[in-house]
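A.B. asks: Sharing a structure, written as structure tokens. Questions coming.
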Amino acid sequence: WHFHYGLPVTATVYFHTFVMSLQAFADGVVALHQGAQRIGGIFGIEIPVTEKHIRKYSKQILLYKCLGLGLLFMWAFVLDSTLGCLLTLGTMTQGVALGLLIRKVLSERSVAGVSRKMLILNIVATVFRSQSTLVFHGYLPYFGVGEILFPLFDLSVAAMAVYLVVLTYRYSHTYSGDSDSMWVFWVVPLALCVGYLTHANANGNSYTDWMWMSAVWVEAFSMLPQIWMSRAGCNFTGVTSHFVALVFAARLISTIYWYESYTQLALHQYEWGVGLLSWFYPGYSVVAAHALQMVSMGDFMYFYLTNAASRGSVLAMNGKLDL
């Protein structure tokens, strides 16, 4: 009976289900696109609706597609740990932000509104952090392929930042040097001091533990030069504003991760140079550094969201935000 009747019936049911699934998928895409248009209108973002628009925004769309594929890849390989992938997700988001910035610079042949000092501080933070993450696993997200993906994405982000620094010299005639005037030479010495006094011993190696904590504090100050440029009267284009917003999102993801995980940095054995006092949690230092990032970028995000809601240009400190 199965071969004479059951197989054709089963094949017909499967085919009908497949066709209905395709129809439901198509309806879902249309509904999703309509919803995206409405949400984009609220935030002043033009959602591509024609082939001409799609060609115009093809590179931006490609970057977001890569981010989406990365999320699917992590979801497929994360088994029972949803918290561990947040740190890698934050690094991926920062990579998309830098990708948008590179695309903007290359298309406009201009680095106006881009802080070279911000890029250099991000590179320094990655150099410090990589001395730990490339050799030891004490501070890596604990999930599946996360111990491989996080250092890989981290180095990719640093390579993109190096390329942007090169572009600031190639298009030096457009570089806003007068606005990028924040004095940042104190950041690295301060980060090294705080890192030495408050580092954990998750690696069991004092030097790499010190470098990792120093990277956390360098990164805490890394976006200040970019924010300073808006205070100095530098006008931000739409892509530059979205870049800062994406970096804020990346740091927010990292903040959530460490807020939930900072207790894992408890000292395994107290020793001189590890923590200010024997009862000091090195995790407190990590949470404080991330809180500092949220506060330092909070005023920019306020004006960014205000501007997005009003669909126009509003004054952001002394400069102008244009979405």
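Letters for chains follow the order of the structure tokens (A, B, ...), residue numbers begin at 1 for each chain, and ligand numbers begin at 1 in the order shown.
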Please report, as a PyMOL selection string, each residue of segment 66-267 of chain A to which DSSP assigns helix (DSSP H, G or I) when run on this structure's backbone.

C.D. replies: chain A and resi 66-77+85-108+116-133+146-170+172-174+187-198+206-221+224-231+238-265

A.B. asks: Quick one: write out the picked residues with C-alpha atoms as a compact mmCIF listing (two decimals), in the first residue's frame?

C.D. replies:
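Wrote it out as result24.txt, contents follow:
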```txt
# COMPACT_ATOMS: atom_id res chain seq x y z
CA CYS A 66 27.65 39.90 6.21
CA LEU A 67 26.63 40.83 9.75
CA GLY A 68 23.42 38.81 9.38
CA LEU A 69 25.29 35.79 8.03
CA GLY A 70 27.74 36.07 10.89
CA LEU A 71 24.87 36.04 13.37
CA LEU A 72 23.41 32.94 11.72
CA PHE A 73 26.82 31.28 11.77
CA MET A 74 27.24 31.94 15.49
CA TRP A 75 23.71 30.80 16.23
CA ALA A 76 24.38 27.54 14.38
CA PHE A 77 27.53 26.81 16.37
CA CYS A 85 28.52 34.96 21.78
CA LEU A 86 27.81 38.56 22.85
CA LEU A 87 31.47 39.53 22.97
CA THR A 88 32.05 38.25 19.44
CA LEU A 89 28.84 39.93 18.27
CA GLY A 90 30.09 43.26 19.64
CA THR A 91 33.35 42.91 17.70
CA MET A 92 31.43 42.04 14.53
CA THR A 93 29.25 45.12 14.96
CA GLN A 94 32.31 47.32 15.30
CA GLY A 95 33.70 45.74 12.13
CA VAL A 96 30.52 46.67 10.25
CA ALA A 97 30.85 50.23 11.58
CA LEU A 98 34.41 50.52 10.27
CA GLY A 99 33.34 48.94 6.99
CA LEU A 100 30.73 51.65 6.49
CA LEU A 101 33.32 54.29 7.30
CA ILE A 102 35.82 52.84 4.79
CA ARG A 103 33.15 52.74 2.11
CA LYS A 104 32.26 56.37 2.83
CA VAL A 105 35.88 57.53 2.66
CA LEU A 106 36.61 55.68 -0.58
CA SER A 107 33.42 56.83 -2.31
CA GLU A 108 33.78 60.47 -1.28
CA ARG A 116 42.71 59.76 13.31
CA LYS A 117 43.41 59.72 17.05
CA MET A 118 40.31 57.61 17.66
CA LEU A 119 41.54 55.05 15.13
CA ILE A 120 45.03 54.95 16.65
CA LEU A 121 43.65 54.35 20.16
CA ASN A 122 41.55 51.47 18.85
CA ILE A 123 44.64 49.96 17.22
CA VAL A 124 46.62 50.30 20.46
CA ALA A 125 43.80 48.59 22.39
CA THR A 126 43.81 45.66 19.95
CA VAL A 127 47.61 45.34 20.13
CA PHE A 128 47.42 45.16 23.93
CA ARG A 129 44.49 42.73 23.94
CA SER A 130 45.93 40.45 21.25
CA GLN A 131 48.98 39.72 23.39
CA SER A 132 46.54 37.92 25.67
CA THR A 133 43.88 36.51 23.34
CA GLY A 146 34.27 31.62 19.94
CA GLU A 147 37.88 31.10 20.98
CA ILE A 148 38.79 31.27 17.29
CA LEU A 149 36.24 33.78 16.00
CA PHE A 150 36.82 36.52 18.57
CA PRO A 151 40.60 36.94 17.97
CA LEU A 152 39.98 36.69 14.22
CA PHE A 153 37.35 39.42 14.20
CA ASP A 154 39.40 41.52 16.62
CA LEU A 155 42.43 41.45 14.31
CA SER A 156 40.20 42.17 11.30
CA VAL A 157 38.81 45.26 13.03
CA ALA A 158 42.35 46.43 13.81
CA ALA A 159 43.39 45.91 10.17
CA MET A 160 40.43 48.03 9.03
CA ALA A 161 41.42 50.75 11.50
CA VAL A 162 45.01 50.69 10.18
CA TYR A 163 43.68 51.05 6.64
CA LEU A 164 41.58 54.04 7.69
CA VAL A 165 44.64 55.66 9.26
CA VAL A 166 46.44 55.22 5.93
CA LEU A 167 43.47 56.84 4.18
CA THR A 168 43.66 59.84 6.52
CA TYR A 169 47.16 60.46 5.18
CA ARG A 170 46.20 59.73 1.56
CA SER A 172 45.15 64.54 4.19
CA HIS A 173 43.82 67.65 2.43
CA THR A 174 40.33 66.70 3.69
CA VAL A 187 45.44 57.74 27.70
CA VAL A 188 48.01 54.95 27.25
CA PRO A 189 50.09 55.73 30.41
CA LEU A 190 46.91 56.02 32.49
CA ALA A 191 45.52 52.77 31.06
CA LEU A 192 48.80 50.97 31.78
CA CYS A 193 48.80 52.17 35.39
CA VAL A 194 45.15 51.28 36.03
CA GLY A 195 45.61 47.98 34.22
CA TYR A 196 48.60 47.05 36.37
CA LEU A 197 46.83 47.87 39.62
CA THR A 198 43.53 46.17 38.80
CA SER A 206 51.04 38.60 34.89
CA TYR A 207 52.18 40.37 31.72
CA THR A 208 49.31 39.24 29.46
CA ASP A 209 46.79 39.82 32.26
CA TRP A 210 48.17 43.36 32.59
CA MET A 211 47.99 43.96 28.84
CA TRP A 212 44.39 42.75 28.64
CA MET A 213 43.19 45.05 31.40
CA SER A 214 45.16 47.94 29.91
CA ALA A 215 43.38 47.32 26.59
CA VAL A 216 40.03 47.59 28.35
CA TRP A 217 40.93 51.04 29.64
CA VAL A 218 42.45 52.27 26.37
CA GLU A 219 39.21 51.25 24.67
CA ALA A 220 37.24 53.09 27.34
CA PHE A 221 38.75 56.39 26.14
CA LEU A 224 36.55 60.48 23.05
CA PRO A 225 38.50 62.08 20.15
CA GLN A 226 35.59 61.36 17.78
CA ILE A 227 33.11 62.90 20.21
CA TRP A 228 35.49 65.80 20.73
CA MET A 229 35.36 66.61 17.01
CA SER A 230 31.62 67.23 17.23
CA ARG A 231 32.19 69.53 20.18
CA GLY A 238 25.13 60.57 7.91
CA VAL A 239 27.60 57.68 7.61
CA THR A 240 29.90 59.13 10.27
CA SER A 241 26.95 59.51 12.64
CA HIS A 242 25.86 55.93 11.97
CA PHE A 243 29.45 54.78 12.55
CA VAL A 244 29.48 56.27 16.05
CA ALA A 245 26.03 54.81 16.75
CA LEU A 246 27.16 51.33 15.67
CA VAL A 247 30.27 51.58 17.84
CA PHE A 248 28.01 52.55 20.74
CA ALA A 249 25.89 49.47 20.02
CA ALA A 250 29.03 47.30 19.96
CA ARG A 251 30.23 48.69 23.29
CA LEU A 252 26.75 48.29 24.77
CA ILE A 253 26.78 44.60 23.83
CA SER A 254 30.19 44.23 25.44
CA THR A 255 28.93 46.05 28.54
CA ILE A 256 26.03 43.62 28.88
CA TYR A 257 28.40 40.67 28.58
CA TRP A 258 30.82 41.88 31.24
CA TYR A 259 28.05 43.04 33.56
CA GLU A 260 26.82 39.45 33.59
CA SER A 261 30.30 37.88 33.66
CA TYR A 262 32.53 40.17 35.72
CA THR A 263 32.43 37.84 38.72
CA GLN A 264 34.37 35.29 36.67
CA LEU A 265 37.40 37.58 36.95
```

A.B. asks: To one decimal place in Å, what is the distance between atom CA of Gly298 of chain A and atom CA of Ser222 of chain A?

C.D. replies: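 Result for atom CA of Gly298 of chain A versus atom CA of Ser222 of chain A: 14.4 Å, one decimal.
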